[in-house]
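Chemist: Next comes the structure file coords-v2.txt, holding compact mmCIF, C-alpha atoms.
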```txt
# COMPACT_ATOMS: atom_id res chain seq x y z
CA MET A 1 -0.80 13.96 -36.93
CA GLY A 2 0.99 10.71 -36.01
CA LEU A 3 1.23 8.77 -32.78
CA ARG A 4 2.67 10.74 -29.87
CA ILE A 5 4.05 9.24 -26.68
CA VAL A 6 4.98 11.31 -23.63
CA ALA A 7 6.76 9.09 -21.10
CA SER A 8 8.74 9.62 -17.91
CA ARG A 9 10.65 6.36 -18.40
CA PRO A 10 10.43 5.53 -22.11
CA ASP A 11 10.19 1.88 -23.08
CA PRO A 12 10.73 1.39 -26.83
CA ALA A 13 8.51 -1.71 -26.67
CA ILE A 14 5.50 0.56 -26.11
CA LEU A 15 5.64 1.47 -29.81
CA GLY A 16 4.94 -2.16 -30.69
CA LEU A 17 1.53 -2.23 -29.00
CA PRO A 18 -1.52 -2.20 -31.36
CA TRP A 19 -2.45 1.43 -30.80
CA SER A 20 -4.62 1.47 -33.95
CA VAL A 21 -6.97 -1.06 -32.32
CA PRO A 22 -9.50 -0.09 -29.59
CA LEU A 23 -8.25 -1.27 -26.20
CA GLU A 24 -11.23 -3.57 -25.63
CA GLU A 25 -10.22 -5.53 -28.76
CA TRP A 26 -6.62 -6.21 -27.71
CA THR A 27 -5.83 -9.93 -27.68
CA ASP A 28 -3.93 -12.30 -25.43
CA GLN A 29 -0.82 -11.58 -27.46
CA HIS A 30 -0.31 -8.56 -25.22
CA VAL A 31 -2.99 -8.66 -22.50
CA VAL A 32 -2.22 -10.42 -19.21
CA PRO A 33 -5.26 -12.11 -17.61
CA LEU A 34 -4.81 -10.29 -14.30
CA PRO A 35 -7.72 -9.23 -12.07
CA ARG A 36 -8.89 -5.66 -12.71
CA GLY A 37 -11.05 -3.46 -10.55
CA LEU A 38 -14.18 -1.71 -11.70
CA SER A 39 -13.47 1.35 -13.84
CA ARG A 40 -15.34 4.00 -15.78
CA HIS A 41 -12.91 3.34 -18.64
CA VAL A 42 -11.59 0.39 -20.60
CA VAL A 43 -8.48 -0.87 -18.80
CA ARG A 44 -6.10 -3.65 -19.81
CA ILE A 45 -2.99 -5.11 -18.16
CA VAL A 46 -0.25 -5.68 -20.74
CA ARG A 47 3.13 -7.37 -20.63
CA LEU A 48 6.12 -6.06 -22.56
CA GLY A 49 9.20 -8.21 -22.00
CA GLN A 50 9.85 -8.21 -18.27
CA ARG A 51 7.64 -5.18 -17.58
CA THR A 52 3.92 -5.05 -16.91
CA TYR A 53 1.69 -2.02 -17.41
CA ALA A 54 -1.90 -0.96 -16.88
CA VAL A 55 -3.32 0.87 -19.90
CA LYS A 56 -6.45 3.03 -19.56
CA GLU A 57 -8.34 4.70 -22.38
CA THR A 58 -9.59 8.23 -21.66
CA VAL A 59 -9.77 11.66 -23.26
CA GLU A 60 -6.48 13.44 -23.86
CA PRO A 61 -6.75 16.35 -21.36
CA ILE A 62 -7.76 13.99 -18.55
CA ALA A 63 -4.97 11.54 -19.42
CA PHE A 64 -2.32 14.27 -19.18
CA ARG A 65 -3.84 15.73 -16.04
CA GLU A 66 -3.87 12.35 -14.26
CA TYR A 67 -0.36 11.54 -15.51
CA ARG A 68 1.05 14.79 -14.08
CA LEU A 69 -0.88 14.43 -10.84
CA LEU A 70 0.39 10.88 -10.30
CA ARG A 71 3.92 12.16 -10.93
CA ASP A 72 3.37 14.83 -8.26
CA LEU A 73 2.18 12.19 -5.81
CA GLN A 74 5.24 10.10 -6.63
CA ARG A 75 7.55 13.04 -5.90
CA LEU A 76 5.76 13.54 -2.58
CA GLY A 77 6.39 9.89 -1.69
CA LEU A 78 2.68 9.07 -1.44
CA PRO A 79 1.31 5.57 -2.10
CA ALA A 80 0.01 5.60 -5.67
CA VAL A 81 0.68 3.71 -8.86
CA THR A 82 3.67 4.93 -10.88
CA PRO A 83 2.76 6.82 -14.08
CA LEU A 84 4.79 5.91 -17.15
CA GLY A 85 3.29 7.84 -20.04
CA VAL A 86 0.44 9.07 -22.21
CA VAL A 87 -0.23 7.96 -25.79
CA THR A 88 -2.17 10.30 -28.08
CA GLY A 89 -2.77 10.64 -31.81
CA ARG A 90 -4.32 7.17 -32.07
CA THR A 91 -6.40 6.34 -35.13
CA ASP A 92 -7.96 3.08 -36.33
CA ALA A 93 -7.58 1.43 -39.75
CA GLU A 94 -10.27 3.72 -41.20
CA GLY A 95 -8.56 6.83 -39.86
CA GLU A 96 -11.13 7.36 -37.08
CA GLU A 97 -9.77 8.92 -33.88
CA LEU A 98 -9.30 6.64 -30.87
CA PRO A 99 -9.08 7.72 -27.21
CA ALA A 100 -5.81 8.68 -25.58
CA ALA A 101 -4.21 6.09 -23.28
CA LEU A 102 -2.62 6.49 -19.86
CA LEU A 103 0.08 3.96 -18.92
CA THR A 104 0.97 3.16 -15.32
CA GLU A 105 3.29 0.54 -13.86
CA HIS A 106 1.59 -2.57 -12.57
CA LEU A 107 2.01 -2.72 -8.78
CA ARG A 108 3.52 -6.08 -7.89
CA PHE A 109 1.62 -8.34 -5.50
CA SER A 110 -1.35 -5.97 -5.51
CA LEU A 111 -5.00 -6.87 -6.04
CA PRO A 112 -8.29 -4.98 -6.36
CA TYR A 113 -10.63 -5.57 -3.45
CA ARG A 114 -12.95 -7.83 -5.45
CA SER A 115 -10.10 -10.22 -6.20
CA LEU A 116 -9.16 -10.35 -2.52
CA PHE A 117 -12.66 -11.56 -1.71
CA ALA A 118 -12.49 -14.01 -4.60
CA HIS A 119 -9.27 -15.34 -2.99
CA GLY A 120 -11.09 -16.14 0.22
CA LEU A 121 -11.13 -12.86 2.15
CA GLY A 122 -13.97 -12.91 4.67
CA ALA A 123 -15.99 -10.47 6.75
CA ASP A 124 -13.38 -10.62 9.53
CA ASN A 125 -10.84 -9.05 7.17
CA VAL A 126 -12.99 -6.10 6.11
CA PRO A 127 -11.87 -3.85 9.01
CA SER A 128 -8.27 -4.30 7.84
CA LEU A 129 -9.23 -3.11 4.35
CA ILE A 130 -11.05 -0.12 5.86
CA ASP A 131 -8.03 0.71 8.02
CA ALA A 132 -5.77 0.65 4.95
CA LEU A 133 -8.16 2.92 3.05
CA VAL A 134 -8.33 5.33 6.01
CA VAL A 135 -4.54 5.49 6.36
CA LEU A 136 -4.25 6.23 2.65
CA LEU A 137 -6.91 8.95 2.84
CA VAL A 138 -5.28 10.59 5.88
CA ARG A 139 -1.87 10.58 4.20
CA LEU A 140 -3.31 12.16 1.06
CA HIS A 141 -5.13 14.80 3.09
CA LEU A 142 -1.99 15.63 5.07
CA ALA A 143 -0.35 16.37 1.71
CA ASP A 144 -3.34 18.64 0.78
CA PHE A 145 -4.62 16.18 -1.83
CA TYR A 146 -8.36 16.22 -2.50
CA TRP A 147 -9.43 12.83 -3.84
CA GLY A 148 -13.02 13.47 -4.90
CA ASP A 149 -13.91 9.80 -5.47
CA VAL A 150 -12.80 7.75 -2.47
CA SER A 151 -13.73 4.10 -2.89
CA LEU A 152 -12.38 0.59 -2.65
CA SER A 153 -12.57 0.40 -6.44
CA ASN A 154 -10.01 3.18 -6.84
CA VAL A 155 -7.44 1.43 -4.66
CA LEU A 156 -5.07 -1.51 -5.02
CA PHE A 157 -4.25 -3.50 -1.89
CA ARG A 158 -1.02 -5.24 -0.95
CA ARG A 159 -0.75 -7.64 1.98
CA ASN A 160 1.03 -6.13 4.96
CA ALA A 161 1.86 -8.51 7.85
CA GLY A 162 -1.67 -9.87 8.04
CA GLY A 163 -3.25 -6.51 7.22
CA PHE A 164 -3.17 -4.43 4.05
CA ALA A 165 -1.53 -1.38 2.54
CA ALA A 166 -3.58 0.71 0.12
CA TYR A 167 -2.34 2.46 -3.03
CA LEU A 168 -4.22 5.08 -5.05
CA VAL A 169 -4.81 3.75 -8.55
CA ASP A 170 -7.23 6.33 -10.01
CA ALA A 171 -6.45 10.04 -9.54
CA GLU A 172 -8.76 11.30 -12.28
CA THR A 173 -10.91 13.35 -9.87
CA GLY A 174 -8.04 14.34 -7.56
CA GLU A 175 -6.41 17.69 -7.05
CA LEU A 176 -3.43 18.95 -5.08
CA LYS A 177 -4.39 22.09 -3.15
CA SER A 178 -2.24 24.78 -1.57
CA SER A 179 -4.28 24.09 1.57
CA LEU A 180 -6.99 21.47 1.95
CA SER A 181 -10.03 22.81 3.80
CA ARG A 182 -11.93 20.89 6.45
CA ARG A 183 -14.98 21.05 4.19
CA MET A 184 -13.15 19.23 1.40
CA ARG A 185 -11.91 16.59 3.84
CA GLU A 186 -15.47 16.14 5.06
CA TYR A 187 -16.70 15.73 1.50
CA ASP A 188 -14.10 13.01 0.84
CA LEU A 189 -15.26 11.23 4.00
CA THR A 190 -18.91 11.43 2.93
CA VAL A 191 -18.09 10.04 -0.52
CA ALA A 192 -15.97 7.28 1.05
CA THR A 193 -18.80 6.22 3.34
CA GLU A 194 -21.37 6.14 0.54
CA ASN A 195 -19.13 4.37 -1.97
CA VAL A 196 -17.86 1.72 0.45
CA PHE A 197 -21.40 1.01 1.64
CA ALA A 198 -22.51 0.43 -1.96
CA GLU A 199 -19.45 -1.72 -2.70
CA LEU A 200 -20.05 -3.92 0.35
CA LEU A 201 -23.71 -4.37 -0.61
CA ASP A 202 -22.58 -5.35 -4.10
CA LEU A 203 -20.19 -7.94 -2.64
CA GLN A 204 -23.02 -9.36 -0.54
CA ALA A 205 -25.36 -9.48 -3.54
CA SER A 206 -22.78 -11.46 -5.50
CA GLY A 207 -22.19 -13.86 -2.61
CA SER A 208 -18.56 -12.75 -2.16
CA LEU A 209 -19.23 -11.35 1.32
CA ASP A 210 -21.29 -12.93 4.08
CA ALA A 211 -24.78 -11.44 4.06
CA SER A 212 -24.64 -11.08 7.85
CA ALA A 213 -21.80 -8.54 7.64
CA ALA A 214 -23.05 -5.14 8.82
CA ALA A 215 -22.31 -3.12 5.67
CA ALA A 216 -23.75 0.13 7.00
CA GLU A 217 -21.87 -0.14 10.30
CA ILE A 218 -18.61 -0.93 8.51
CA ALA A 219 -19.01 2.02 6.14
CA LEU A 220 -19.86 4.40 8.97
CA SER A 221 -16.73 3.29 10.84
CA ILE A 222 -14.61 5.06 8.20
CA ARG A 223 -15.31 8.47 9.72
CA ALA A 224 -14.55 7.35 13.29
CA ARG A 225 -11.29 5.66 12.28
CA TYR A 226 -10.30 8.68 10.18
CA ASP A 227 -11.04 11.17 12.99
CA GLU A 228 -9.06 9.11 15.50
CA LEU A 229 -5.96 8.94 13.30
CA TRP A 230 -6.24 12.55 12.11
CA THR A 231 -6.49 13.76 15.72
CA GLU A 232 -3.43 11.81 16.82
CA LEU A 233 -1.38 13.09 13.88
CA THR A 234 -2.40 16.76 13.95
CA ASP A 235 -3.98 17.87 17.24
CA VAL A 236 -2.47 20.48 19.55
CA GLU A 237 -1.47 19.17 22.97
CA GLU A 238 -1.00 21.56 25.92
CA PHE A 239 0.81 20.95 29.22
CA SER A 240 3.02 22.58 31.88
CA PRO A 241 6.82 22.96 31.58
CA ALA A 242 7.14 20.25 34.22
CA GLU A 243 5.63 17.76 31.77
CA MET A 244 8.12 18.12 28.93
CA TRP A 245 8.33 14.32 28.80
CA ARG A 246 5.00 14.47 26.98
CA ILE A 247 6.84 15.65 23.84
CA GLU A 248 8.76 12.38 23.67
CA GLN A 249 5.60 10.45 24.56
CA ARG A 250 3.72 12.05 21.65
CA ILE A 251 6.55 11.18 19.27
CA GLU A 252 6.62 7.59 20.54
CA ARG A 253 2.87 7.24 20.01
CA LEU A 254 3.25 8.43 16.44
CA ASN A 255 6.17 6.06 15.90
CA ASP A 256 4.01 3.19 17.19
CA LEU A 257 1.47 4.10 14.52
CA GLY A 258 4.27 3.91 11.95
CA PHE A 259 4.72 7.67 11.49
CA ASP A 260 7.83 9.82 11.85
CA VAL A 261 7.58 13.44 13.02
CA ASP A 262 9.63 15.52 10.59
CA GLU A 263 8.58 18.83 12.14
CA LEU A 264 7.10 19.68 15.54
CA ASP A 265 5.72 23.12 16.44
CA ILE A 266 6.50 23.92 20.12
CA VAL A 267 5.11 27.17 21.56
CA THR A 268 5.13 28.55 25.12
CA ASP A 269 2.72 31.20 26.42
CA PHE A 270 3.87 34.70 27.46
CA ASP A 271 4.74 33.68 31.02
CA GLY A 272 6.14 30.28 30.09
CA ASP A 273 3.50 28.56 32.23
CA ARG A 274 2.09 26.44 29.41
CA VAL A 275 3.63 24.59 26.48
CA ARG A 276 1.75 23.72 23.29
CA ILE A 277 2.97 21.15 20.78
CA GLN A 278 1.57 20.22 17.39
CA PRO A 279 3.05 17.86 14.78
CA LYS A 280 3.41 19.87 11.58
CA VAL A 281 4.92 17.29 9.23
CA VAL A 282 4.35 13.56 9.76
CA GLU A 283 5.26 10.78 7.36
CA LEU A 284 4.35 7.11 7.38
CA GLY A 285 7.23 4.66 7.09
CA HIS A 286 8.99 4.85 10.48
CA HIS A 287 9.60 1.11 10.70
CA CYS A 288 10.38 0.49 7.02
CA ARG A 289 12.99 3.27 7.04
CA GLU A 290 14.58 1.80 10.17
CA LEU A 291 14.64 -1.70 8.67
CA GLN A 292 16.03 -0.45 5.36
CA ALA A 293 18.83 1.41 7.15
CA LEU A 294 19.75 -1.78 9.02
CA THR A 295 19.32 -4.42 6.31
CA GLY A 296 18.59 -2.78 2.96
CA LEU A 297 15.20 -4.53 2.81
CA ASN A 298 12.36 -2.42 1.42
CA VAL A 299 8.97 -3.66 2.63
CA GLU A 300 5.63 -2.32 3.86
CA ASP A 301 5.66 -0.65 7.28
CA ALA A 302 3.77 -3.31 9.28
CA GLN A 303 5.96 -5.99 7.69
CA ALA A 304 9.04 -3.98 8.69
CA ARG A 305 7.83 -3.77 12.27
CA ARG A 306 7.41 -7.55 12.35
CA LEU A 307 10.91 -8.08 10.96
CA LEU A 308 12.41 -5.58 13.43
CA ASN A 309 10.76 -7.52 16.25
CA ASP A 310 12.31 -10.73 14.93
CA ILE A 311 15.73 -9.04 14.81
CA ALA A 312 15.21 -8.04 18.45
CA ALA A 313 14.31 -11.63 19.35
CA PHE A 314 17.37 -12.88 17.43
CA THR A 315 19.51 -10.40 19.39
CA ALA A 316 18.19 -11.61 22.75
CA THR A 317 18.33 -15.32 21.89
CA ASN A 318 21.96 -15.09 20.80
CA ASP A 319 23.00 -12.70 23.61
CA LEU A 320 24.06 -10.01 21.13
CA GLY A 321 22.74 -7.02 23.05
CA ARG A 322 26.22 -5.52 23.43
CA GLU A 323 27.00 -5.82 19.71
CA ASP A 324 26.58 -3.08 17.13
CA ARG A 325 22.97 -3.21 15.95
CA SER A 326 23.90 -3.03 12.26
CA LEU A 327 26.24 -6.02 12.63
CA VAL A 328 23.54 -7.99 14.44
CA ALA A 329 21.03 -7.12 11.71
CA ASN A 330 23.48 -8.37 9.08
CA ARG A 331 23.88 -11.66 10.97
CA TRP A 332 20.08 -12.00 11.12
CA LEU A 333 19.87 -11.24 7.40
CA THR A 334 22.36 -13.96 6.44
CA GLN A 335 21.45 -16.55 9.08
CA VAL A 336 17.65 -16.20 9.19
CA TRP A 337 16.10 -14.06 6.46
CA GLU A 338 18.01 -15.25 3.39
CA PRO A 339 17.90 -19.00 4.20
CA LEU A 340 14.19 -18.77 5.05
CA VAL A 341 13.24 -16.92 1.87
CA ALA A 342 15.33 -19.40 -0.14
CA MET A 343 12.97 -22.14 1.08
CA ILE A 344 10.15 -20.75 -1.10
CA PRO A 345 9.92 -23.15 -4.08
CA PRO A 346 10.33 -21.40 -7.46
CA ALA A 347 6.86 -22.57 -8.51
CA HIS A 348 5.30 -20.76 -5.53
CA ARG A 349 7.13 -17.42 -5.62
CA GLY A 350 4.05 -15.74 -7.03
CA LYS A 351 2.01 -16.63 -3.96
CA LEU A 352 3.42 -14.12 -1.48
CA GLU A 353 6.16 -11.56 -1.48
CA PRO A 354 9.07 -12.57 0.81
CA ALA A 355 8.23 -10.25 3.74
CA GLU A 356 4.65 -11.53 3.85
CA PHE A 357 5.90 -15.11 3.61
CA PHE A 358 8.13 -14.42 6.63
CA HIS A 359 5.16 -13.00 8.55
CA GLU A 360 3.01 -16.02 7.66
CA VAL A 361 5.76 -18.37 8.87
CA LEU A 362 5.94 -16.54 12.21
CA VAL A 363 2.16 -16.87 12.64
CA HIS A 364 2.33 -20.54 11.63
CA ARG A 365 5.13 -21.07 14.15
CA TRP A 366 2.85 -20.01 16.98
CA TYR A 367 0.20 -22.57 15.92
CA LEU A 368 2.75 -25.37 15.53
CA SER A 369 4.36 -24.61 18.89
CA GLU A 370 0.97 -24.61 20.61
CA ARG A 371 0.14 -27.96 19.05
CA ALA A 372 3.56 -29.50 19.81
CA GLY A 373 3.79 -28.13 23.35
CA ARG A 374 7.27 -26.83 22.62
CA GLU A 375 8.87 -24.03 20.64
CA VAL A 376 9.22 -25.17 17.05
CA SER A 377 12.22 -23.76 15.19
CA ILE A 378 11.56 -21.20 12.49
CA PHE A 379 13.11 -23.37 9.78
CA GLU A 380 11.07 -26.41 10.83
CA THR A 381 8.01 -24.14 10.72
CA ALA A 382 8.89 -22.82 7.26
CA ALA A 383 9.26 -26.36 5.93
CA ASP A 384 5.82 -27.29 7.29
CA TYR A 385 4.27 -24.08 5.90
CA VAL A 386 5.79 -24.65 2.45
CA ALA A 387 4.59 -28.24 2.42
CA HIS A 388 1.05 -27.82 3.75
CA VAL A 389 -0.11 -24.18 3.49
CA LEU A 390 1.66 -22.34 0.69
CA PRO A 391 0.55 -24.62 -2.19
CA ALA A 392 -3.11 -23.81 -1.47
CA ARG A 393 -2.62 -20.04 -1.65
CA PRO A 394 -3.60 -18.27 -4.89
CA GLU A 395 -1.12 -16.59 -7.20
CA GLU A 396 -0.86 -12.85 -6.52
CA ALA A 397 1.99 -11.78 -8.79
CA VAL A 398 2.60 -11.60 -12.51
CA ALA A 399 4.95 -14.36 -13.67
CA THR A 400 7.22 -11.88 -15.47
CA ASP A 401 7.62 -9.89 -12.24
CA LEU A 402 9.30 -12.84 -10.58
CA ALA A 403 12.82 -14.15 -10.71
CA PRO A 404 13.75 -15.85 -14.01
CA GLU A 405 13.71 -19.30 -12.52
CA ALA A 406 10.22 -18.69 -11.13
CA SER A 407 8.74 -17.54 -14.41
CA SER A 408 10.18 -20.48 -16.34
CA GLY A 409 8.28 -22.97 -14.22
```
With the file now loaded, output its structure as structure tokens.
Modeler:
Amino acid sequence: MGLRIVASRPDPAILGLPWSVPLEEWTDQHVVPLPRGLSRHVVRIVRLGQRTYAVKETVEPIAFREYRLLRDLQRLGLPAVTPLGVVTGRTDAEGEELPAALLTEHLRFSLPYRSLFAHGLGADNVPSLIDALVVLLVRLHLADFYWGDVSLSNVLFRRNAGGFAAYLVDAETGELKSSLSRRMREYDLTVATENVFAELLDLQASGSLDASAAAAEIALSIRARYDELWTELTDVEEFSPAEMWRIEQRIERLNDLGFDVDELDIVTDFDGDRVRIQPKVVELGHHCRELQALTGLNVEDAQARRLLNDIAAFTATNDLGREDRSLVANRWLTQVWEPLVAMIPPAHRGKLEPAEFFHEVLVHRWYLSERAGREVSIFETAADYVAHVLPARPEEAVATDLAPEASSG
């Protein structure tokens, strides 16, 4: 039986990879020296033309199961790597069978947690990583997804306005349920606590994390943070008919957390003396959907909130409050966003994605203004940031993922 490739978005270049060679023996001709997280399997990052893939060797049934599960998560709009295909029927030069391979799309500007610490992440940033992991776990549980192996190692992180957004990268132990029981959620939380504790101790042992960081306390905080968010997103709230304003208040609180309420269950008792409300369908992305509708920009939710705040400041500064919001957003896009992003030198476009660069400039502006005793303009700030801060940042993108002029330099 010959080579077989099942792919959702076929790339003919896949056929040119050395499938008759064990993955661990692939050379720099195809392999990109990108950071990889810990894995039970051999994993390589490969570049084919302008596309970059992660390739993982595993047994055939597991490869197909994970491929289909990742496709289901993609259809549900959940944060996970995009599956591209499964390769089976591999044999070496002697005709010996080789493992099947799962291909996923490399997530741009993402890094495994170990690489983040290698890039200078400190103990102060660990709570942000934990928050991102908790948000991911809650979103998966709301969709009735049982993870089974929650850990920092099974996640890729992207910067998100000073914090992080987490993406599921390994769904091998996962399962979509018709209804996820509390017991299964509790098991995921227990596994998360144990795994993260071990991972933090490992970072400390390697010198990547300050030994004074309270690893046990940080790991135990996962449950408290999870319970707090889960309660806000799912709990029943009861009040009198005279307090109907609490419906809007609940929705506003969820919006502040970045979630939209797609369905709200409202029930009154027999006499109409009490009203009960419970969010039934909530979805993260409130701010990024709002920003995309206004500007077409597609960014992480916390980044979108920061950009929306800047649009609001631009509106007030230019006395545009009576103008149509979409027209104001377009003026901001052409007068602020595009000129600012254009200031990123081609050689540094792999440092930060544009929305994170914008956030960093806004933070830098505050420091410069404090030091100067006056409000420094955003373009003056960007010039200073590009000259003195950006060059020292590490590369976080694959060269082929960037604009042509960036990859040529």
Chemist: Could you build a table of the residues in segment 166-189 of chain A lying no more than 10 Å from segment 51-73 of chain A, giving for each the nearest pair of atoms and their separation in Å rounded to one decimal place, using all atoms listed in the file, ordered by chain and ascending residue number, as a tab-separated table?
Modeler:
```
residue	atom	partner	partner_atom	distance
A:Leu168	CA	A:Leu70	CA	9.1
A:Val169	CA	A:Leu70	CA	9.0
A:Asp170	CA	A:Glu66	CA	8.1
A:Ala171	CA	A:Glu66	CA	5.9
A:Glu172	CA	A:Glu66	CA	5.4
A:Thr173	CA	A:Glu66	CA	8.4
A:Gly174	CA	A:Leu69	CA	7.9
A:Glu175	CA	A:Leu69	CA	7.5
A:Leu176	CA	A:Leu69	CA	7.8
```
Chemist: Those same residues, written as an mmCIF file, in the coordinates of the input with C-alpha atoms?
Modeler:
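File written: selection.cif
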```
data_model
loop_
_atom_site.group_PDB
_atom_site.id
_atom_site.type_symbol
_atom_site.label_atom_id
_atom_site.label_comp_id
_atom_site.auth_asym_id
_atom_site.auth_seq_id
_atom_site.Cartn_x
_atom_site.Cartn_y
_atom_site.Cartn_z
ATOM 1 C CA LEU A 168 -4.220 5.080 -5.050
ATOM 2 C CA VAL A 169 -4.810 3.750 -8.550
ATOM 3 C CA ASP A 170 -7.230 6.330 -10.010
ATOM 4 C CA ALA A 171 -6.450 10.040 -9.540
ATOM 5 C CA GLU A 172 -8.760 11.300 -12.280
ATOM 6 C CA THR A 173 -10.910 13.350 -9.870
ATOM 7 C CA GLY A 174 -8.040 14.340 -7.560
ATOM 8 C CA GLU A 175 -6.410 17.690 -7.050
ATOM 9 C CA LEU A 176 -3.430 18.950 -5.080
#
```
Chemist: Between atom CA of Glu243 of chain A and atom CA of Val275 of chain A, what distance in Å does the model show, to one decimal?
Modeler: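 It comes out at 8.9 Å.
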Chemist: Could you state the separation of atom CA of Val261 of chain A and atom CA of Phe239 of chain A in Å, given to one decimal place?
Modeler: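 Rounded to one decimal, the two atoms are 19.1 Å apart.
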Chemist: One decimal, in Å: what's the spacing between atom CA of Pro394 of chain A and atom CA of Met343 of chain A?
Modeler: 18.0 Å
Chemist: Go ahead and find all residues with at least one atom no further than 7 Å from (2.6, -9.3, -4.9) in the file's coordinates, using only C-alpha atoms; report them as a list in words.
Modeler: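 Residues with an atom at most 7 Å from (2.6, -9.3, -4.9): Arg108, Phe109, Ser110, Arg158, Gly350, Leu352, Glu353, Glu396 and Ala397 of chain A.
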Chemist: With all atoms listed in the file as the counted atoms, please give the residues lying no more than 7 Å from Thr193 of chain A, apart from itself and same-chain residues fewer than 2 positions off, as number ranges by chain.
Modeler: A: 189-191, 195-197, 219-220, 222
Chemist: Please identify all polymer residues lying at most 12 Å from the point (-8.0, 6.4, -39.5) (file coordinates), using all atoms listed in the file, and present the result as a list in words.
Modeler: Met1, Gly2, Leu3, Trp19, Ser20, Val21, Pro22, Gly89, Arg90, Thr91, Asp92, Ala93, Glu94, Gly95, Glu96, Glu97 and Leu98 of chain A
Chemist: Restricting the output to C-alpha atoms, write the selected residues as a PDB file, in the coordinates of the input.
Modeler:
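Output contents, as saved in part.pdb:
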```
ATOM      1  CA  MET A   1      -0.800  13.960 -36.930  1.00  0.00           C
ATOM      2  CA  GLY A   2       0.990  10.710 -36.010  1.00  0.00           C
ATOM      3  CA  LEU A   3       1.230   8.770 -32.780  1.00  0.00           C
ATOM      4  CA  TRP A  19      -2.450   1.430 -30.800  1.00  0.00           C
ATOM      5  CA  SER A  20      -4.620   1.470 -33.950  1.00  0.00           C
ATOM      6  CA  VAL A  21      -6.970  -1.060 -32.320  1.00  0.00           C
ATOM      7  CA  PRO A  22      -9.500  -0.090 -29.590  1.00  0.00           C
ATOM      8  CA  GLY A  89      -2.770  10.640 -31.810  1.00  0.00           C
ATOM      9  CA  ARG A  90      -4.320   7.170 -32.070  1.00  0.00           C
ATOM     10  CA  THR A  91      -6.400   6.340 -35.130  1.00  0.00           C
ATOM     11  CA  ASP A  92      -7.960   3.080 -36.330  1.00  0.00           C
ATOM     12  CA  ALA A  93      -7.580   1.430 -39.750  1.00  0.00           C
ATOM     13  CA  GLU A  94     -10.270   3.720 -41.200  1.00  0.00           C
ATOM     14  CA  GLY A  95      -8.560   6.830 -39.860  1.00  0.00           C
ATOM     15  CA  GLU A  96     -11.130   7.360 -37.080  1.00  0.00           C
ATOM     16  CA  GLU A  97      -9.770   8.920 -33.880  1.00  0.00           C
ATOM     17  CA  LEU A  98      -9.300   6.640 -30.870  1.00  0.00           C
TER      18      LEU A  98
END
```
Chemist: For Arg305 of chain A, which residue among A:Ser181, A:Ser128, A:Ser151, A:Gln292 is the nearest when counting all atoms listed in the file?
Modeler: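 Result for the nearest residue to Arg305 of chain A: A:Gln292.
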Chemist: Rank nothing, just name the residue among A:Ala165, A:Leu133, A:Ile45, A:Ile218 nearest to Val150 of chain A, using only C-alpha atoms.
Modeler: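 Under the stated criterion, the closest residue is A:Leu133.
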Chemist: Could you check the closest approach to Glu217 of chain A for each of A:Glu25, A:Asp384, A:Glu338, A:Glu194 and tell me which residue wins, using only C-alpha atoms?
Modeler: A:Glu194
Chemist: Could you tell me which of A:His30, A:Arg139, A:His106, A:Arg4 comes closest to Pro79 of chain A if we count all atoms listed in the file?
Modeler: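 Result for the nearest residue to Pro79 of chain A: A:Arg139.
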Chemist: Report as a ChimeraX atom specification all protein, DNA and RNA residues lying within 10 Å of Leu284 of chain A, evaluated on only C-alpha atoms, omitting residues in the same chain fewer than 5 positions from it.
Modeler: /A:77-78,135-136,139,254-255,257-261,289,301
Chemist: Between A:Ala101, A:Ala302, A:Val81, A:Leu264, single out the one closest to Lys280 of chain A, counting all atoms listed in the file.
Modeler: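 When distances to Lys280 of chain A are compared using all atoms listed in the file, the smallest one comes from A:Leu264.
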Chemist: Write out as lines of an AutoDock Vina configuration file an axis-aligned box for segment 50-63 of chain A: all of its atoms listed in the file, 4 Å added on each side, centre and edge lengths in Å with one decimal.
Modeler:
```
center_x = 0.0
center_y = 4.1
center_z = -20.4
size_x = 27.6
size_y = 32.6
size_z = 15.0
```
